[in-house]
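**Student:** Structure file coords.pdb (PDB, C-alpha atoms) right here:
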ATOM      1  CA  MET A  10    -182.421 -58.194-120.683
ATOM      2  CA  ALA A  11    -181.656 -56.456-123.982
ATOM      3  CA  THR A  12    -178.131 -56.438-125.328
ATOM      4  CA  VAL A  13    -176.644 -52.949-125.516
ATOM      5  CA  LEU A  14    -174.703 -52.515-128.735
ATOM      6  CA  PRO A  15    -171.873 -50.034-129.172
ATOM      7  CA  LYS A  16    -172.935 -46.884-131.036
ATOM      8  CA  ALA A  17    -171.141 -45.215-133.905
ATOM      9  CA  VAL A  18    -169.445 -41.970-132.871
ATOM     10  CA  LYS A  19    -167.504 -41.256-136.089
ATOM     11  CA  VAL A  20    -167.749 -42.579-139.622
ATOM     12  CA  TRP A  21    -165.546 -42.148-142.664
ATOM     13  CA  MET A  22    -166.238 -43.369-146.180
ATOM     14  CA  GLY A  23    -163.836 -43.973-149.015
ATOM     15  CA  ALA A  24    -164.188 -46.187-152.072
ATOM     16  CA  ASN A  25    -167.516 -47.541-150.790
ATOM     17  CA  ILE A  26    -166.098 -48.825-147.531
ATOM     18  CA  LEU A  27    -167.173 -47.375-144.208
ATOM     19  CA  GLN A  28    -164.738 -47.038-141.331
ATOM     20  CA  ILE A  29    -166.746 -46.766-138.143
ATOM     21  CA  GLU A  30    -165.467 -45.744-134.729
ATOM     22  CA  PHE A  31    -167.716 -47.011-131.949
ATOM     23  CA  ASP A  32    -168.186 -45.590-128.478
ATOM     24  CA  ASN A  33    -166.264 -48.562-127.042
ATOM     25  CA  GLY A  34    -163.147 -47.366-128.911
ATOM     26  CA  GLU A  35    -163.256 -50.127-131.537
ATOM     27  CA  PHE A  36    -162.787 -49.375-135.238
ATOM     28  CA  ARG A  37    -164.676 -51.590-137.696
ATOM     29  CA  TYR A  38    -165.221 -51.692-141.457
ATOM     30  CA  MET A  39    -168.094 -52.575-143.768
ATOM     31  CA  ARG A  40    -169.152 -52.186-147.382
ATOM     32  CA  THR A  41    -171.770 -49.613-148.293
ATOM     33  CA  HIS A  42    -175.202 -50.752-149.467
ATOM     34  CA  PHE A  43    -174.355 -49.489-152.959
ATOM     35  CA  ILE A  44    -171.225 -51.602-153.384
ATOM     36  CA  ASP A  45    -172.973 -54.695-151.990
ATOM     37  CA  ASP A  46    -175.701 -54.221-154.610
ATOM     38  CA  TYR A  47    -173.103 -53.475-157.306
ATOM     39  CA  VAL A  48    -171.172 -56.682-156.593
ATOM     40  CA  SER A  49    -174.417 -58.690-156.407
ATOM     41  CA  ALA A  50    -175.542 -57.266-159.768
ATOM     42  CA  TRP A  51    -172.877 -59.347-161.519
ATOM     43  CA  SER A  52    -174.363 -62.566-160.139
ATOM     44  CA  PRO A  53    -177.020 -64.306-162.257
ATOM     45  CA  LYS A  54    -178.906 -65.341-159.090
ATOM     46  CA  LYS A  55    -178.360 -62.374-156.753
ATOM     47  CA  GLY A  56    -178.444 -59.698-159.464
ATOM     48  CA  LYS A  57    -182.181 -59.530-160.123
ATOM     49  CA  GLY A  58    -183.367 -55.959-159.555
ATOM     50  CA  LYS A  59    -179.817 -54.690-158.966
ATOM     51  CA  ARG A  60    -178.376 -54.572-162.472
ATOM     52  CA  ARG A  61    -179.246 -50.888-162.891
ATOM     53  CA  ASN A  62    -176.201 -50.278-160.670
ATOM     54  CA  LEU A  63    -173.955 -51.502-163.493
ATOM     55  CA  TRP A  64    -174.639 -48.240-165.341
ATOM     56  CA  LEU A  65    -172.707 -46.295-162.694
ATOM     57  CA  MET A  66    -169.101 -46.638-161.724
ATOM     58  CA  PRO A  67    -168.710 -47.574-158.044
ATOM     59  CA  SER A  68    -166.416 -44.582-157.502
ATOM     60  CA  TRP A  69    -169.241 -42.008-157.762
ATOM     61  CA  GLU A  70    -170.820 -43.140-154.500
ATOM     62  CA  TRP A  71    -168.247 -41.945-152.014
ATOM     63  CA  LEU A  72    -168.050 -38.341-153.117
ATOM     64  CA  GLY A  73    -170.096 -36.043-150.891
ATOM     65  CA  ALA A  74    -171.646 -38.668-148.644
ATOM     66  CA  ASN A  75    -172.196 -36.165-145.790
ATOM     67  CA  ALA A  76    -172.434 -38.846-143.129
ATOM     68  CA  ARG A  77    -174.768 -37.999-140.275
ATOM     69  CA  ILE A  78    -174.885 -39.924-137.000
ATOM     70  CA  GLU A  79    -178.208 -39.958-135.161
ATOM     71  CA  PRO A  80    -178.354 -40.077-131.320
ATOM     72  CA  ASP A  81    -179.283 -43.789-131.428
ATOM     73  CA  GLY A  82    -176.119 -44.630-133.441
ATOM     74  CA  THR A  83    -177.842 -44.830-136.832
ATOM     75  CA  VAL A  84    -175.711 -43.526-139.708
ATOM     76  CA  VAL A  85    -177.314 -41.769-142.679
ATOM     77  CA  LEU A  86    -175.452 -41.191-145.964
ATOM     78  CA  PHE A  87    -176.777 -39.019-148.798
ATOM     79  CA  GLU A  88    -179.822 -38.170-146.646
ATOM     80  CA  LYS A  89    -181.473 -41.514-147.522
ATOM     81  CA  ASP A  90    -179.041 -44.435-147.177
ATOM     82  CA  VAL A  91    -179.669 -45.621-143.597
ATOM     83  CA  TYR A  92    -177.462 -47.966-141.553
ATOM     84  CA  THR A  93    -178.934 -48.944-138.184
ATOM     85  CA  ALA A  94    -176.737 -49.365-135.113
ATOM     86  CA  GLN A  95    -177.435 -53.111-135.236
ATOM     87  CA  GLU A  96    -176.442 -53.333-138.903
ATOM     88  CA  LEU A  97    -173.259 -51.343-138.330
ATOM     89  CA  TRP A  98    -172.159 -53.568-135.458
ATOM     90  CA  HIS A  99    -173.237 -56.976-136.782
ATOM     91  CA  ASN A 100    -172.258 -56.494-140.446
ATOM     92  CA  SER A 101    -168.899 -54.830-139.854
ATOM     93  CA  VAL A 102    -165.542 -56.513-139.331
ATOM     94  CA  THR A 103    -162.344 -55.562-137.550
ATOM     95  CA  ARG A 104    -160.051 -55.765-140.601
ATOM     96  CA  ILE A 105    -160.457 -53.737-143.781
ATOM     97  CA  ASP A 106    -159.037 -56.478-146.005
ATOM     98  CA  LEU A 107    -162.076 -58.610-145.175
ATOM     99  CA  VAL A 108    -164.420 -56.133-146.904
ATOM    100  CA  SER A 109    -162.156 -54.614-149.549
ATOM    101  CA  GLY A 110    -161.924 -57.702-151.729
ATOM    102  CA  VAL A 111    -158.136 -57.753-151.300
ATOM    103  CA  HIS A 112    -157.408 -60.946-149.416
ATOM    104  CA  GLY A 113    -154.122 -62.587-148.619
ATOM    105  CA  PHE A 114    -151.970 -59.500-148.216
ATOM    106  CA  ILE A 115    -152.412 -59.101-144.476
ATOM    107  CA  LYS A 116    -151.245 -61.995-142.361
ATOM    108  CA  ASP A 117    -152.377 -62.455-138.794
ATOM    109  CA  ASP A 118    -148.834 -63.234-137.722
ATOM    110  CA  ALA A 119    -147.264 -60.212-139.465
ATOM    111  CA  LYS A 120    -145.076 -58.110-137.201
TER     112      LYS A 120
END
Show me the file's structure as structure tokens.

**Tutor:**
Amino acid sequence: MATVLPKAVKVWMGANILQIEFDNGEFRYMRTHFIDDYVSAWSPKKGKGKRRNLWLMPSWEWLGANARIEPDGTVVLFEKDVYTAQELWHNSVTRIDLVSGVHGFIKDDAK
């Protein structure tokens, strides 16, 4: 029996982070492909083939993304940057601080 994954119903993008609302009511967050490649470009090992991204500031990416959600839950940004339903669910996390690079400010026991 195949596992049925939640599908994206709404998506917002700001500063290269996607906020995804799924049909099960859960909100999750993940980095865009561009920012993953941008961060990897600084690495001597992971940066091969990605260093061209260093010519652009990461802030350009989130302007005018025009997110489109396909019936199968796939999200398309800029008409060519494709995020499958599986990728959105498995690569996203429930807390934005886990993808933003700002760690340590949100405590699990905060009230």

**Student:** Nearest residue to A:Ala76 out of A:Lys16, A:Arg40, A:His99, A:Lys89, using all atoms listed in the file?

**Tutor:**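 For A:Ala76, the nearest of the given residues is A:Lys89.
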
**Student:** For A:Asp32, please output as a PyMOL selection string all residues within 9 Å (counting all atoms listed in the file; exclusion window: fewer than 5 positions along the same chain).

**Tutor:** chain A and resi 15-19

**Student:** Run the PyMOL selection byres ((chain A and resi 38) around 10) against the file shown and list the residues it catches, as an mmCIF file with C-alpha atoms, in the frame of the given file.

**Tutor:**
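Output contents, as saved in selection24.cif:
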data_model
loop_
_atom_site.group_PDB
_atom_site.id
_atom_site.type_symbol
_atom_site.label_atom_id
_atom_site.label_comp_id
_atom_site.auth_asym_id
_atom_site.auth_seq_id
_atom_site.Cartn_x
_atom_site.Cartn_y
_atom_site.Cartn_z
ATOM 1 C CA VAL A 20 -167.749 -42.579 -139.622
ATOM 2 C CA TRP A 21 -165.546 -42.148 -142.664
ATOM 3 C CA MET A 22 -166.238 -43.369 -146.180
ATOM 4 C CA ILE A 26 -166.098 -48.825 -147.531
ATOM 5 C CA LEU A 27 -167.173 -47.375 -144.208
ATOM 6 C CA GLN A 28 -164.738 -47.038 -141.331
ATOM 7 C CA ILE A 29 -166.746 -46.766 -138.143
ATOM 8 C CA GLU A 30 -165.467 -45.744 -134.729
ATOM 9 C CA PHE A 36 -162.787 -49.375 -135.238
ATOM 10 C CA ARG A 37 -164.676 -51.590 -137.696
ATOM 11 C CA MET A 39 -168.094 -52.575 -143.768
ATOM 12 C CA ARG A 40 -169.152 -52.186 -147.382
ATOM 13 C CA THR A 41 -171.770 -49.613 -148.293
ATOM 14 C CA LEU A 97 -173.259 -51.343 -138.330
ATOM 15 C CA TRP A 98 -172.159 -53.568 -135.458
ATOM 16 C CA ASN A 100 -172.258 -56.494 -140.446
ATOM 17 C CA SER A 101 -168.899 -54.830 -139.854
ATOM 18 C CA VAL A 102 -165.542 -56.513 -139.331
ATOM 19 C CA THR A 103 -162.344 -55.562 -137.550
ATOM 20 C CA ARG A 104 -160.051 -55.765 -140.601
ATOM 21 C CA ILE A 105 -160.457 -53.737 -143.781
ATOM 22 C CA ASP A 106 -159.037 -56.478 -146.005
ATOM 23 C CA LEU A 107 -162.076 -58.610 -145.175
ATOM 24 C CA VAL A 108 -164.420 -56.133 -146.904
ATOM 25 C CA SER A 109 -162.156 -54.614 -149.549
#

**Student:** Out of A:Thr12, A:Phe31, A:Asn25, A:Leu86, which residue has the shortest atom-to-atom distance to A:Val48 when counting only C-alpha atoms?

**Tutor:**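 Selected residue with least distance to A:Val48: A:Asn25.
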
**Student:** Check the smallest atom-to-atom distance from each of A:Ala11, A:Pro80, A:Phe43, A:Gly23 to A:Ala94 using only C-alpha atoms, then report the winner.

**Tutor:**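 Once distances to A:Ala94 are computed over only C-alpha atoms, the minimum belongs to A:Pro80.
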
**Student:** Provide the atom CA of A:Tyr47 to atom CA of A:Val85 distance in Å, to one decimal place.

**Tutor:**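 Separation between atom CA of A:Tyr47 and atom CA of A:Val85: 19.2 Å.
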